[in-house]
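**Q** Hey, dropping input25.txt in here, compact mmCIF, C-alpha atoms and all ligand atoms:
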```txt
# COMPACT_ATOMS: atom_id res chain seq x y z
CA MET A 60 -15.13 8.56 -17.73
CA SER A 61 -12.88 11.01 -15.88
CA GLU A 62 -9.12 10.86 -16.10
CA PRO A 63 -7.75 8.03 -13.98
CA LEU A 64 -6.03 8.83 -10.71
CA LEU A 65 -3.40 6.24 -11.48
CA HIS A 66 -2.64 4.67 -14.82
CA ILE A 67 0.16 2.12 -15.11
CA GLU A 68 1.09 0.74 -18.50
CA ASP A 69 3.49 -2.08 -19.34
CA LEU A 70 5.57 -1.45 -16.23
CA HIS A 71 8.85 -3.33 -16.03
CA VAL A 72 10.96 -2.99 -12.90
CA GLU A 73 14.34 -4.41 -12.00
CA VAL A 74 15.75 -4.84 -8.52
CA GLU A 75 19.46 -5.55 -8.29
CA GLY A 76 19.54 -6.52 -11.96
CA ARG A 77 16.62 -8.99 -11.68
CA GLU A 78 13.34 -8.24 -13.42
CA ILE A 79 10.51 -8.37 -10.87
CA LEU A 80 7.65 -6.58 -12.62
CA LYS A 81 7.24 -7.69 -16.22
CA GLY A 82 4.60 -5.65 -17.94
CA LEU A 83 2.13 -4.64 -15.26
CA ASN A 84 -1.01 -2.71 -16.22
CA LEU A 85 -3.39 -1.08 -13.78
CA THR A 86 -5.93 1.74 -13.82
CA LEU A 87 -7.46 3.23 -10.69
CA HIS A 88 -9.97 6.07 -10.45
CA VAL A 89 -10.47 8.40 -7.53
CA GLY A 90 -12.95 6.85 -5.09
CA ASP A 91 -11.91 3.33 -6.08
CA ILE A 92 -10.61 0.67 -3.73
CA HIS A 93 -8.60 -1.92 -5.61
CA ALA A 94 -7.02 -4.95 -4.01
CA ILE A 95 -3.80 -6.37 -5.34
CA MET A 96 -3.33 -9.95 -4.23
CA GLY A 97 -0.31 -12.06 -4.94
CA PRO A 98 1.87 -14.80 -3.53
CA ASN A 99 4.92 -13.93 -1.46
CA GLY A 100 7.71 -12.58 -3.60
CA SER A 101 5.44 -11.71 -6.52
CA GLY A 102 6.44 -8.06 -6.43
CA LYS A 103 3.63 -6.43 -4.45
CA SER A 104 5.98 -4.35 -2.30
CA THR A 105 8.13 -3.65 -5.36
CA LEU A 106 5.08 -2.05 -6.98
CA ALA A 107 4.40 0.01 -3.84
CA TYR A 108 8.01 1.17 -3.71
CA VAL A 109 8.28 2.04 -7.36
CA LEU A 110 5.11 4.15 -7.11
CA THR A 111 6.51 6.08 -4.16
CA GLY A 112 10.02 6.45 -5.57
CA ARG A 113 12.17 4.32 -3.34
CA PRO A 114 15.76 4.15 -4.66
CA GLY A 115 16.99 0.82 -5.99
CA TYR A 116 13.87 0.00 -8.01
CA GLU A 117 14.69 0.65 -11.64
CA VAL A 118 11.95 1.17 -14.19
CA THR A 119 13.24 -0.27 -17.46
CA ARG A 120 10.06 0.09 -19.47
CA GLY A 121 6.52 1.42 -19.23
CA THR A 122 4.76 4.44 -17.81
CA VAL A 123 3.09 5.50 -14.58
CA SER A 124 0.81 8.48 -14.71
CA TYR A 125 -0.78 10.00 -11.64
CA LYS A 126 -3.49 12.59 -12.29
CA GLY A 127 -2.18 12.73 -15.83
CA GLU A 128 1.40 13.46 -14.79
CA ASN A 129 4.38 11.14 -15.23
CA ILE A 130 5.52 10.68 -11.64
CA LEU A 131 8.46 8.41 -12.31
CA ASP A 132 10.80 11.38 -12.67
CA LEU A 133 9.68 12.96 -9.42
CA ALA A 134 11.52 12.60 -6.10
CA PRO A 135 9.71 10.74 -3.31
CA ASP A 136 8.92 13.98 -1.45
CA GLU A 137 7.48 15.55 -4.61
CA ARG A 138 5.18 12.56 -5.00
CA ALA A 139 4.12 12.88 -1.37
CA GLN A 140 3.37 16.57 -1.93
CA ARG A 141 1.08 15.58 -4.78
CA GLY A 142 -0.84 13.26 -2.48
CA VAL A 143 0.78 9.86 -2.87
CA PHE A 144 1.06 7.95 0.40
CA LEU A 145 2.41 4.53 1.34
CA ALA A 146 1.56 2.67 4.53
CA PHE A 147 4.52 0.36 4.95
CA GLN A 148 4.43 -3.39 5.34
CA TYR A 149 7.21 -3.08 7.90
CA PRO A 150 7.05 0.36 9.55
CA THR A 151 10.43 1.47 10.86
CA GLU A 152 11.26 2.71 14.35
CA VAL A 153 12.42 6.28 14.79
CA PRO A 154 13.93 6.42 18.27
CA GLY A 155 13.88 9.82 19.94
CA VAL A 156 11.15 11.27 17.70
CA SER A 157 7.61 11.32 19.04
CA ILE A 158 4.66 10.50 16.80
CA VAL A 159 3.26 14.00 17.21
CA ASN A 160 6.52 15.66 16.12
CA PHE A 161 7.07 13.19 13.34
CA LEU A 162 3.58 13.73 11.95
CA ARG A 163 3.78 17.53 12.24
CA THR A 164 7.07 17.57 10.34
CA ALA A 165 5.57 15.34 7.66
CA TYR A 166 2.39 17.43 7.49
CA ASN A 167 4.24 20.73 7.18
CA ALA A 168 6.63 19.28 4.61
CA ILE A 169 3.81 18.47 2.25
CA HIS A 170 1.52 21.41 3.01
CA ALA A 171 3.85 24.30 2.22
CA ASP A 172 1.02 26.85 2.16
CA GLU A 173 -0.79 25.57 5.24
CA GLN A 174 1.81 25.27 8.01
CA LYS A 175 0.61 24.37 11.47
CA SER A 176 2.15 25.50 14.75
CA ALA A 177 2.78 22.91 17.46
CA MET A 178 -0.44 23.97 19.17
CA GLN A 179 -2.55 23.97 16.01
CA PHE A 180 -1.17 20.64 15.03
CA ARG A 181 -2.00 19.02 18.37
CA MET A 182 -5.62 20.08 17.96
CA TYR A 183 -5.72 18.79 14.40
CA LEU A 184 -4.11 15.52 15.48
CA GLN A 185 -6.57 15.13 18.34
CA GLU A 186 -9.45 15.13 15.86
CA LYS A 187 -7.82 12.30 13.92
CA VAL A 188 -7.01 10.36 17.09
CA ASP A 189 -10.65 10.64 18.14
CA LEU A 190 -11.94 9.70 14.70
CA LEU A 191 -9.78 6.59 14.58
CA GLU A 192 -10.25 5.76 18.28
CA ILE A 193 -6.55 5.52 18.89
CA PRO A 194 -5.31 5.60 22.49
CA HIS A 195 -4.16 9.17 23.11
CA GLU A 196 -0.90 8.11 24.82
CA LEU A 197 0.34 6.71 21.54
CA ILE A 198 1.07 10.13 20.06
CA ASP A 199 3.71 11.04 22.62
CA ARG A 200 5.61 7.80 22.23
CA TYR A 201 8.62 7.46 19.95
CA VAL A 202 7.66 6.41 16.44
CA ASN A 203 7.06 2.65 16.42
CA GLN A 204 9.55 2.02 19.22
CA GLY A 205 8.35 -0.94 21.25
CA PHE A 206 5.01 -0.86 19.41
CA SER A 207 3.03 -4.05 18.93
CA GLY A 208 2.22 -5.06 15.36
CA GLY A 209 -1.26 -3.58 15.78
CA GLU A 210 0.03 -0.30 17.19
CA LYS A 211 2.43 0.10 14.28
CA LYS A 212 -0.33 -0.34 11.74
CA ARG A 213 -2.59 2.02 13.71
CA ALA A 214 0.16 4.60 13.58
CA GLU A 215 0.35 4.17 9.79
CA ILE A 216 -3.40 4.78 9.50
CA LEU A 217 -3.09 7.82 11.75
CA GLN A 218 -0.40 9.11 9.41
CA MET A 219 -2.73 8.57 6.48
CA ALA A 220 -5.50 10.50 8.28
CA VAL A 221 -3.13 13.38 8.98
CA LEU A 222 -1.65 13.62 5.50
CA LYS A 223 -4.96 13.16 3.65
CA PRO A 224 -3.52 11.51 0.55
CA GLU A 225 -5.33 11.26 -2.77
CA LEU A 226 -3.68 7.93 -3.52
CA ALA A 227 -3.12 5.65 -0.54
CA ILE A 228 -1.14 2.48 -1.05
CA MET A 229 -1.48 0.07 1.86
CA ASP A 230 1.13 -2.65 1.80
CA GLU A 231 -0.08 -5.68 3.77
CA THR A 232 -1.70 -3.54 6.39
CA ASP A 233 -3.21 -6.77 7.72
CA SER A 234 0.03 -8.67 8.20
CA GLY A 235 0.83 -9.64 11.76
CA LEU A 236 -2.50 -8.44 13.15
CA ASP A 237 -4.75 -10.41 15.42
CA ILE A 238 -8.47 -10.25 14.68
CA ASP A 239 -9.23 -7.32 17.00
CA ALA A 240 -6.38 -5.24 15.61
CA LEU A 241 -7.43 -6.17 12.09
CA LYS A 242 -10.97 -4.97 12.74
CA HIS A 243 -9.73 -1.76 14.32
CA VAL A 244 -7.31 -0.95 11.51
CA SER A 245 -9.89 -1.82 8.85
CA ALA A 246 -12.47 0.41 10.51
CA GLY A 247 -9.91 3.22 10.35
CA VAL A 248 -9.27 2.69 6.65
CA ASN A 249 -13.01 2.60 5.97
CA LYS A 250 -13.42 5.95 7.72
CA LEU A 251 -10.70 7.46 5.52
CA ALA A 252 -12.00 5.94 2.29
CA GLY A 253 -14.34 8.05 0.20
CA PRO A 254 -14.89 9.82 -3.08
CA ASP A 255 -11.72 11.94 -2.79
CA VAL A 256 -9.21 9.15 -2.39
CA GLY A 257 -8.13 6.10 -4.35
CA ILE A 258 -6.89 3.15 -2.34
CA LEU A 259 -4.60 0.36 -3.44
CA LEU A 260 -4.88 -2.43 -0.90
CA ILE A 261 -2.01 -4.84 -1.18
CA THR A 262 -2.59 -8.14 0.55
CA HIS A 263 -1.74 -11.79 0.48
CA TYR A 264 -4.91 -12.91 2.23
CA GLN A 265 -8.59 -12.56 1.53
CA ARG A 266 -9.48 -11.96 5.18
CA LEU A 267 -8.66 -8.22 5.04
CA LEU A 268 -11.17 -7.88 2.22
CA ASN A 269 -13.94 -9.11 4.50
CA TYR A 270 -13.50 -5.83 6.37
CA ILE A 271 -12.45 -3.45 3.60
CA ARG A 272 -14.50 -4.19 0.50
CA PRO A 273 -12.63 -3.50 -2.73
CA ASN A 274 -14.59 -2.73 -5.88
CA ARG A 275 -11.97 -4.59 -7.89
CA VAL A 276 -9.52 -7.40 -7.16
CA HIS A 277 -6.34 -8.04 -9.16
CA VAL A 278 -4.02 -11.01 -8.99
CA LEU A 279 -0.31 -10.26 -9.37
CA MET A 280 1.75 -13.25 -10.47
CA GLY A 281 4.79 -13.68 -12.63
CA GLY A 282 5.31 -9.92 -12.57
CA ARG A 283 1.97 -9.02 -14.16
CA ILE A 284 -1.67 -8.61 -13.28
CA VAL A 285 -2.87 -11.96 -14.57
CA LYS A 286 -6.50 -11.77 -13.56
CA SER A 287 -8.94 -9.10 -12.40
CA GLY A 288 -12.44 -9.39 -11.10
CA GLY A 289 -14.75 -8.66 -8.23
CA PHE A 290 -14.74 -9.94 -4.67
CA GLU A 291 -15.45 -13.47 -5.92
CA LEU A 292 -11.88 -13.58 -7.24
CA ALA A 293 -10.56 -13.14 -3.71
CA GLU A 294 -12.83 -15.97 -2.60
CA GLN A 295 -11.53 -18.16 -5.41
CA LEU A 296 -7.97 -17.49 -4.28
CA GLU A 297 -8.87 -18.37 -0.73
CA ALA A 298 -10.42 -21.64 -1.89
CA GLU A 299 -7.90 -22.72 -4.51
CA GLY A 300 -4.72 -20.97 -3.46
CA TYR A 301 -2.48 -19.09 -5.82
CA ALA A 302 -1.25 -22.29 -7.43
CA GLY A 303 -4.80 -23.10 -8.55
CA VAL A 304 -5.20 -19.73 -10.20
CA ALA A 305 -1.72 -20.02 -11.72
CA LYS A 306 -2.80 -23.21 -13.48
CA GLU A 307 -6.11 -21.76 -14.59
CA ILE A 308 -4.59 -18.70 -16.24
CA GLY A 309 -1.99 -20.83 -17.94
CA LEU A 310 1.20 -19.64 -16.30
CA SER A 311 4.12 -21.69 -17.56
CA GLU A 312 4.99 -24.87 -15.62
CA ALA A 313 8.11 -23.21 -14.24
CA GLU A 314 6.24 -20.10 -13.13
CA ALA A 315 3.45 -22.13 -11.51
CA ARG A 316 6.02 -24.28 -9.70
CA GLU A 317 7.71 -21.16 -8.41
CA VAL A 318 4.38 -19.93 -7.01
CA GLU A 319 3.79 -23.29 -5.31
CA ALA A 320 7.29 -23.42 -3.85
CA VAL A 321 7.07 -19.94 -2.36
CA GLU A 322 3.60 -20.57 -0.97
CA ALA A 323 4.71 -23.84 0.63
CA ARG A 324 7.50 -22.14 2.61
P1 LIG B 401 6.03 -9.26 -2.19
O1 LIG B 401 5.84 -7.94 -1.54
O2 LIG B 401 4.96 -9.61 -3.19
O3 LIG B 401 6.21 -10.38 -1.21
P2 LIG B 401 8.53 -8.13 -3.06
O4 LIG B 401 8.18 -7.01 -3.96
O5 LIG B 401 8.94 -7.79 -1.68
O6 LIG B 401 7.36 -9.21 -3.06
O7 LIG B 401 9.71 -8.95 -3.70
C1 LIG B 401 9.67 -9.43 -5.04
C2 LIG B 401 11.01 -10.05 -5.39
O8 LIG B 401 11.99 -9.02 -5.46
C3 LIG B 401 11.51 -11.04 -4.36
O9 LIG B 401 12.13 -12.09 -5.04
C4 LIG B 401 12.50 -10.24 -3.55
O10 LIG B 401 13.50 -11.09 -3.03
C5 LIG B 401 13.06 -9.28 -4.57
N1 LIG B 401 13.43 -8.01 -3.94
C6 LIG B 401 12.60 -7.05 -3.52
N2 LIG B 401 13.27 -6.00 -2.99
C7 LIG B 401 14.58 -6.33 -3.07
C8 LIG B 401 15.78 -5.67 -2.70
N3 LIG B 401 15.77 -4.48 -2.14
N4 LIG B 401 16.95 -6.32 -2.93
C9 LIG B 401 16.95 -7.53 -3.53
N5 LIG B 401 15.85 -8.19 -3.92
C10 LIG B 401 14.67 -7.62 -3.69
MG MG B 402 5.61 -7.31 0.38
```
Please express what this file holds, its structure, as structure tokens.

**A**
Amino acid sequence: MSEPLLHIEDLHVEVEGREILKGLNLTLHVGDIHAIMGPNGSGKSTLAYVLTGRPGYEVTRGTVSYKGENILDLAPDERAQRGVFLAFQYPTEVPGVSIVNFLRTAYNAIHADEQKSAMQFRMYLQEKVDLLEIPHELIDRYVNQGFSGGEKKRAEILQMAVLKPELAIMDETDSGLDIDALKHVSAGVNKLAGPDVGILLITHYQRLLNYIRPNRVHVLMGGRIVKSGGFELAEQLEAEGYAGVAKEIGLSEAEAREVEAVEAR
């Protein structure tokens, strides 16, 4: 088999002195769509942040290789230049900066040898807006300011379309979406999926996976991937909840109770 796009081995990560990831292993090949499901607070966003280089997330052990290269020593912008992209769980507002200018700056920053003028970029962006069926007015609005939950996530997908990542990490792209927005956003992701990109779909709920079919599902609990399988694993989670799976895989009493407590909140 070809070299993996992403290969994570025994990853341990601390946040503010507390160990959140405790020996996580994961291998993803280009063209794959893997779902990572886990209860709230299990470290899903921590994984997304550590892969993209957000400060404050300290790797204390383990390795992350992306296309055969150790990316942990690279700055966030260097990772982005190599094709790593994160769609945020909570996209931030950037008052005073329009989507079109924001995206052009981002595009030019990671395509040093393929700069686009304002005019060229508008044409390029229009193609993506048409492809994703996004209302055209959105691109002249300030980034995420006054956006609905659905509009924010649409803007994240538009950013993905523009930047053309090789590894796209989507952190709870389904959270806060009503069913129409969920369908729209999922359709966008499906249009961008393909043999040239690997997608890590982070989600708490199975419902997203009814629209974006992963070829593998992983359960993140207690800081590790505790179970992997096909779509049926997502269905099992939906039926039994995380606490059920925690018992089945033999998490310690304390760890299982923690899962139950967080889920009950
Ligand atoms: P998930 O995305 O699965 O809900 P997170 O990765 O956001 O989980 O959080 C995992 C744990 O790490 C939680 O207990 C959370 O409180 C803690 N954590 C994450 N980021 C920070 C941070 N910046 N400061 C302090 N604690 C954090
Ligand atoms: Mg999260």

**Q** Using all atoms listed in the file, which residue out of A:Pro194, A:Gly247, A:Gly257, A:Gly205 lies closest to A:Ala220?

**A**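 Of A:Pro194, A:Gly247, A:Gly257, A:Gly205, the one nearest A:Ala220 is A:Gly247, counting all atoms listed in the file.
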
**Q** Quote the spacing between atom C2 of ligand LIG 401 (chain B) and atom CA of A:Glu314 in Å to one decimal place.

**A** 13.6 Å

**Q** Excluding A:Ala177 and residues on its chain fewer than 5 positions from it, collect all residues at most 12 Å away from it, counting all atoms listed in the file, and give them as a tab-separated table (two decimals) with C-alpha atoms, in the frame of the given file.

**A**
```tsv
chain	number	residue	atom	x	y	z
A	159	VAL	CA	3.26	14.00	17.21
A	160	ASN	CA	6.52	15.66	16.12
A	161	PHE	CA	7.07	13.19	13.34
A	162	LEU	CA	3.58	13.73	11.95
A	163	ARG	CA	3.78	17.53	12.24
A	164	THR	CA	7.07	17.57	10.34
A	166	TYR	CA	2.39	17.43	7.49
A	167	ASN	CA	4.24	20.73	7.18
A	182	MET	CA	-5.62	20.08	17.96
A	183	TYR	CA	-5.72	18.79	14.40
A	184	LEU	CA	-4.11	15.52	15.48
```

**Q** Around the point (-1.0, 9.3, 8.1) (coordinates from the file), which residues reach within 10 Å if we count all atoms listed in the file? Answer as number ranges by chain.

**A** A: 144-146, 162, 165-166, 187, 213-224, 227

**Q** When you draw a straight line from atom CA of A:Arg120 to atom C8 of ligand LIG 401 (chain B), how long is it in Å?

**A**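 Those two atoms sit 18.6 Å apart.
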
**Q** Counting only C-alpha atoms and all ligand atoms, which residues of chain A sit at most 10 Å from some atom of ligand LIG 401 (chain B), and what is each one's closest atom pair with its distance in Å to one decimal, listed by chain and rising residue number, as JSON lines?

**A**
```
{"residue": "A:Val72", "atom": "CA", "partner": "B:LIG401", "partner_atom": "O8", "distance": 9.6}
{"residue": "A:Glu73", "atom": "CA", "partner": "B:LIG401", "partner_atom": "O8", "distance": 8.3}
{"residue": "A:Val74", "atom": "CA", "partner": "B:LIG401", "partner_atom": "C10", "distance": 5.7}
{"residue": "A:Glu75", "atom": "CA", "partner": "B:LIG401", "partner_atom": "C9", "distance": 5.7}
{"residue": "A:Gly76", "atom": "CA", "partner": "B:LIG401", "partner_atom": "C9", "distance": 8.9}
{"residue": "A:Arg77", "atom": "CA", "partner": "B:LIG401", "partner_atom": "O8", "distance": 7.8}
{"residue": "A:Glu78", "atom": "CA", "partner": "B:LIG401", "partner_atom": "O8", "distance": 8.1}
{"residue": "A:Ile79", "atom": "CA", "partner": "B:LIG401", "partner_atom": "O8", "distance": 5.6}
{"residue": "A:Leu80", "atom": "CA", "partner": "B:LIG401", "partner_atom": "C1", "distance": 8.3}
{"residue": "A:Ile95", "atom": "CA", "partner": "B:LIG401", "partner_atom": "O2", "distance": 9.6}
{"residue": "A:Met96", "atom": "CA", "partner": "B:LIG401", "partner_atom": "O2", "distance": 8.4}
{"residue": "A:Gly97", "atom": "CA", "partner": "B:LIG401", "partner_atom": "O2", "distance": 6.1}
{"residue": "A:Pro98", "atom": "CA", "partner": "B:LIG401", "partner_atom": "O2", "distance": 6.0}
{"residue": "A:Asn99", "atom": "CA", "partner": "B:LIG401", "partner_atom": "O3", "distance": 3.8}
{"residue": "A:Gly100", "atom": "CA", "partner": "B:LIG401", "partner_atom": "O6", "distance": 3.4}
{"residue": "A:Ser101", "atom": "CA", "partner": "B:LIG401", "partner_atom": "O2", "distance": 4.0}
{"residue": "A:Gly102", "atom": "CA", "partner": "B:LIG401", "partner_atom": "O4", "distance": 3.2}
{"residue": "A:Lys103", "atom": "CA", "partner": "B:LIG401", "partner_atom": "O2", "distance": 3.7}
{"residue": "A:Ser104", "atom": "CA", "partner": "B:LIG401", "partner_atom": "O1", "distance": 3.7}
{"residue": "A:Thr105", "atom": "CA", "partner": "B:LIG401", "partner_atom": "O4", "distance": 3.6}
{"residue": "A:Leu106", "atom": "CA", "partner": "B:LIG401", "partner_atom": "O4", "distance": 6.6}
{"residue": "A:Ala107", "atom": "CA", "partner": "B:LIG401", "partner_atom": "O4", "distance": 8.0}
{"residue": "A:Tyr108", "atom": "CA", "partner": "B:LIG401", "partner_atom": "O4", "distance": 8.2}
{"residue": "A:Val109", "atom": "CA", "partner": "B:LIG401", "partner_atom": "O4", "distance": 9.7}
{"residue": "A:Arg113", "atom": "CA", "partner": "B:LIG401", "partner_atom": "N3", "distance": 9.6}
{"residue": "A:Pro114", "atom": "CA", "partner": "B:LIG401", "partner_atom": "N3", "distance": 9.0}
{"residue": "A:Gly115", "atom": "CA", "partner": "B:LIG401", "partner_atom": "N3", "distance": 6.7}
{"residue": "A:Tyr116", "atom": "CA", "partner": "B:LIG401", "partner_atom": "N3", "distance": 7.6}
{"residue": "A:Gln148", "atom": "CA", "partner": "B:LIG401", "partner_atom": "O1", "distance": 8.4}
{"residue": "A:Asp230", "atom": "CA", "partner": "B:LIG401", "partner_atom": "O1", "distance": 7.8}
{"residue": "A:Glu231", "atom": "CA", "partner": "B:LIG401", "partner_atom": "O1", "distance": 8.3}
{"residue": "A:Ile261", "atom": "CA", "partner": "B:LIG401", "partner_atom": "O1", "distance": 8.4}
{"residue": "A:Thr262", "atom": "CA", "partner": "B:LIG401", "partner_atom": "O2", "distance": 8.6}
{"residue": "A:His263", "atom": "CA", "partner": "B:LIG401", "partner_atom": "O2", "distance": 7.9}
{"residue": "A:Leu279", "atom": "CA", "partner": "B:LIG401", "partner_atom": "O2", "distance": 8.1}
{"residue": "A:Met280", "atom": "CA", "partner": "B:LIG401", "partner_atom": "O2", "distance": 8.7}
{"residue": "A:Gly281", "atom": "CA", "partner": "B:LIG401", "partner_atom": "C1", "distance": 10.0}
{"residue": "A:Gly282", "atom": "CA", "partner": "B:LIG401", "partner_atom": "C1", "distance": 8.7}
{"residue": "A:Val321", "atom": "CA", "partner": "B:LIG401", "partner_atom": "O3", "distance": 9.7}
```

**Q** Just add N, CA and C atoms to stretch 86-114 of chain A and send it as a PDB file, in the coordinates of the input.

**A**
```
ATOM      1  N   THR A  86      -5.290   0.420 -13.773  1.00  0.00           N
ATOM      2  CA  THR A  86      -5.930   1.740 -13.820  1.00  0.00           C
ATOM      3  C   THR A  86      -6.856   1.881 -12.617  1.00  0.00           C
ATOM      4  N   LEU A  87      -6.683   2.983 -11.909  1.00  0.00           N
ATOM      5  CA  LEU A  87      -7.460   3.230 -10.690  1.00  0.00           C
ATOM      6  C   LEU A  87      -8.054   4.634 -10.771  1.00  0.00           C
ATOM      7  N   HIS A  88      -9.338   4.743 -10.473  1.00  0.00           N
ATOM      8  CA  HIS A  88      -9.970   6.070 -10.450  1.00  0.00           C
ATOM      9  C   HIS A  88     -10.145   6.546  -9.019  1.00  0.00           C
ATOM     10  N   VAL A  89     -10.257   7.850  -8.861  1.00  0.00           N
ATOM     11  CA  VAL A  89     -10.470   8.400  -7.530  1.00  0.00           C
ATOM     12  C   VAL A  89     -11.792   7.818  -6.985  1.00  0.00           C
ATOM     13  N   GLY A  90     -11.782   7.469  -5.712  1.00  0.00           N
ATOM     14  CA  GLY A  90     -12.950   6.850  -5.090  1.00  0.00           C
ATOM     15  C   GLY A  90     -12.925   5.332  -5.132  1.00  0.00           C
ATOM     16  N   ASP A  91     -12.017   4.787  -5.965  1.00  0.00           N
ATOM     17  CA  ASP A  91     -11.910   3.330  -6.080  1.00  0.00           C
ATOM     18  C   ASP A  91     -11.115   2.719  -4.919  1.00  0.00           C
ATOM     19  N   ILE A  92     -11.464   1.494  -4.588  1.00  0.00           N
ATOM     20  CA  ILE A  92     -10.610   0.670  -3.730  1.00  0.00           C
ATOM     21  C   ILE A  92     -10.284  -0.583  -4.521  1.00  0.00           C
ATOM     22  N   HIS A  93      -9.020  -0.723  -4.888  1.00  0.00           N
ATOM     23  CA  HIS A  93      -8.600  -1.920  -5.610  1.00  0.00           C
ATOM     24  C   HIS A  93      -7.692  -2.752  -4.725  1.00  0.00           C
ATOM     25  N   ALA A  94      -7.911  -4.051  -4.741  1.00  0.00           N
ATOM     26  CA  ALA A  94      -7.020  -4.950  -4.010  1.00  0.00           C
ATOM     27  C   ALA A  94      -6.037  -5.566  -4.981  1.00  0.00           C
ATOM     28  N   ILE A  95      -4.784  -5.633  -4.570  1.00  0.00           N
ATOM     29  CA  ILE A  95      -3.800  -6.370  -5.340  1.00  0.00           C
ATOM     30  C   ILE A  95      -3.364  -7.542  -4.484  1.00  0.00           C
ATOM     31  N   MET A  96      -3.664  -8.743  -4.978  1.00  0.00           N
ATOM     32  CA  MET A  96      -3.330  -9.950  -4.230  1.00  0.00           C
ATOM     33  C   MET A  96      -2.266 -10.713  -4.990  1.00  0.00           C
ATOM     34  N   GLY A  97      -1.331 -11.280  -4.258  1.00  0.00           N
ATOM     35  CA  GLY A  97      -0.310 -12.060  -4.940  1.00  0.00           C
ATOM     36  C   GLY A  97       0.460 -12.882  -3.948  1.00  0.00           C
ATOM     37  N   PRO A  98       1.072 -13.973  -4.423  1.00  0.00           N
ATOM     38  CA  PRO A  98       1.870 -14.800  -3.530  1.00  0.00           C
ATOM     39  C   PRO A  98       3.085 -14.028  -3.002  1.00  0.00           C
ATOM     40  N   ASN A  99       3.708 -14.566  -1.993  1.00  0.00           N
ATOM     41  CA  ASN A  99       4.920 -13.930  -1.460  1.00  0.00           C
ATOM     42  C   ASN A  99       5.968 -13.869  -2.553  1.00  0.00           C
ATOM     43  N   GLY A 100       6.636 -12.729  -2.621  1.00  0.00           N
ATOM     44  CA  GLY A 100       7.710 -12.580  -3.600  1.00  0.00           C
ATOM     45  C   GLY A 100       7.244 -12.253  -5.002  1.00  0.00           C
ATOM     46  N   SER A 101       5.941 -11.982  -5.169  1.00  0.00           N
ATOM     47  CA  SER A 101       5.440 -11.710  -6.520  1.00  0.00           C
ATOM     48  C   SER A 101       5.700 -10.277  -6.962  1.00  0.00           C
ATOM     49  N   GLY A 102       6.115  -9.439  -6.036  1.00  0.00           N
ATOM     50  CA  GLY A 102       6.440  -8.060  -6.430  1.00  0.00           C
ATOM     51  C   GLY A 102       5.455  -7.025  -5.948  1.00  0.00           C
ATOM     52  N   LYS A 103       4.633  -7.376  -4.959  1.00  0.00           N
ATOM     53  CA  LYS A 103       3.630  -6.430  -4.450  1.00  0.00           C
ATOM     54  C   LYS A 103       4.309  -5.212  -3.814  1.00  0.00           C
ATOM     55  N   SER A 104       5.283  -5.481  -2.937  1.00  0.00           N
ATOM     56  CA  SER A 104       5.980  -4.350  -2.300  1.00  0.00           C
ATOM     57  C   SER A 104       6.809  -3.589  -3.324  1.00  0.00           C
ATOM     58  N   THR A 105       7.354  -4.316  -4.296  1.00  0.00           N
ATOM     59  CA  THR A 105       8.130  -3.650  -5.360  1.00  0.00           C
ATOM     60  C   THR A 105       7.252  -2.612  -6.056  1.00  0.00           C
ATOM     61  N   LEU A 106       6.008  -2.990  -6.347  1.00  0.00           N
ATOM     62  CA  LEU A 106       5.080  -2.050  -6.980  1.00  0.00           C
ATOM     63  C   LEU A 106       4.855  -0.833  -6.074  1.00  0.00           C
ATOM     64  N   ALA A 107       4.633  -1.088  -4.784  1.00  0.00           N
ATOM     65  CA  ALA A 107       4.400   0.010  -3.840  1.00  0.00           C
ATOM     66  C   ALA A 107       5.612   0.946  -3.800  1.00  0.00           C
ATOM     67  N   TYR A 108       6.801   0.359  -3.797  1.00  0.00           N
ATOM     68  CA  TYR A 108       8.010   1.170  -3.710  1.00  0.00           C
ATOM     69  C   TYR A 108       8.268   1.961  -4.974  1.00  0.00           C
ATOM     70  N   VAL A 109       7.989   1.348  -6.112  1.00  0.00           N
ATOM     71  CA  VAL A 109       8.280   2.040  -7.360  1.00  0.00           C
ATOM     72  C   VAL A 109       7.300   3.214  -7.537  1.00  0.00           C
ATOM     73  N   LEU A 110       6.089   3.053  -7.017  1.00  0.00           N
ATOM     74  CA  LEU A 110       5.110   4.150  -7.110  1.00  0.00           C
ATOM     75  C   LEU A 110       5.486   5.320  -6.204  1.00  0.00           C
ATOM     76  N   THR A 111       6.166   5.011  -5.105  1.00  0.00           N
ATOM     77  CA  THR A 111       6.510   6.080  -4.160  1.00  0.00           C
ATOM     78  C   THR A 111       7.955   6.557  -4.328  1.00  0.00           C
ATOM     79  N   GLY A 112       8.700   5.909  -5.227  1.00  0.00           N
ATOM     80  CA  GLY A 112      10.020   6.450  -5.570  1.00  0.00           C
ATOM     81  C   GLY A 112      11.177   5.995  -4.715  1.00  0.00           C
ATOM     82  N   ARG A 113      11.061   4.807  -4.155  1.00  0.00           N
ATOM     83  CA  ARG A 113      12.170   4.320  -3.340  1.00  0.00           C
ATOM     84  C   ARG A 113      13.377   3.984  -4.235  1.00  0.00           C
ATOM     85  N   PRO A 114      14.580   4.432  -3.835  1.00  0.00           N
ATOM     86  CA  PRO A 114      15.760   4.150  -4.660  1.00  0.00           C
ATOM     87  C   PRO A 114      16.021   2.646  -4.757  1.00  0.00           C
TER      88      PRO A 114
END
```
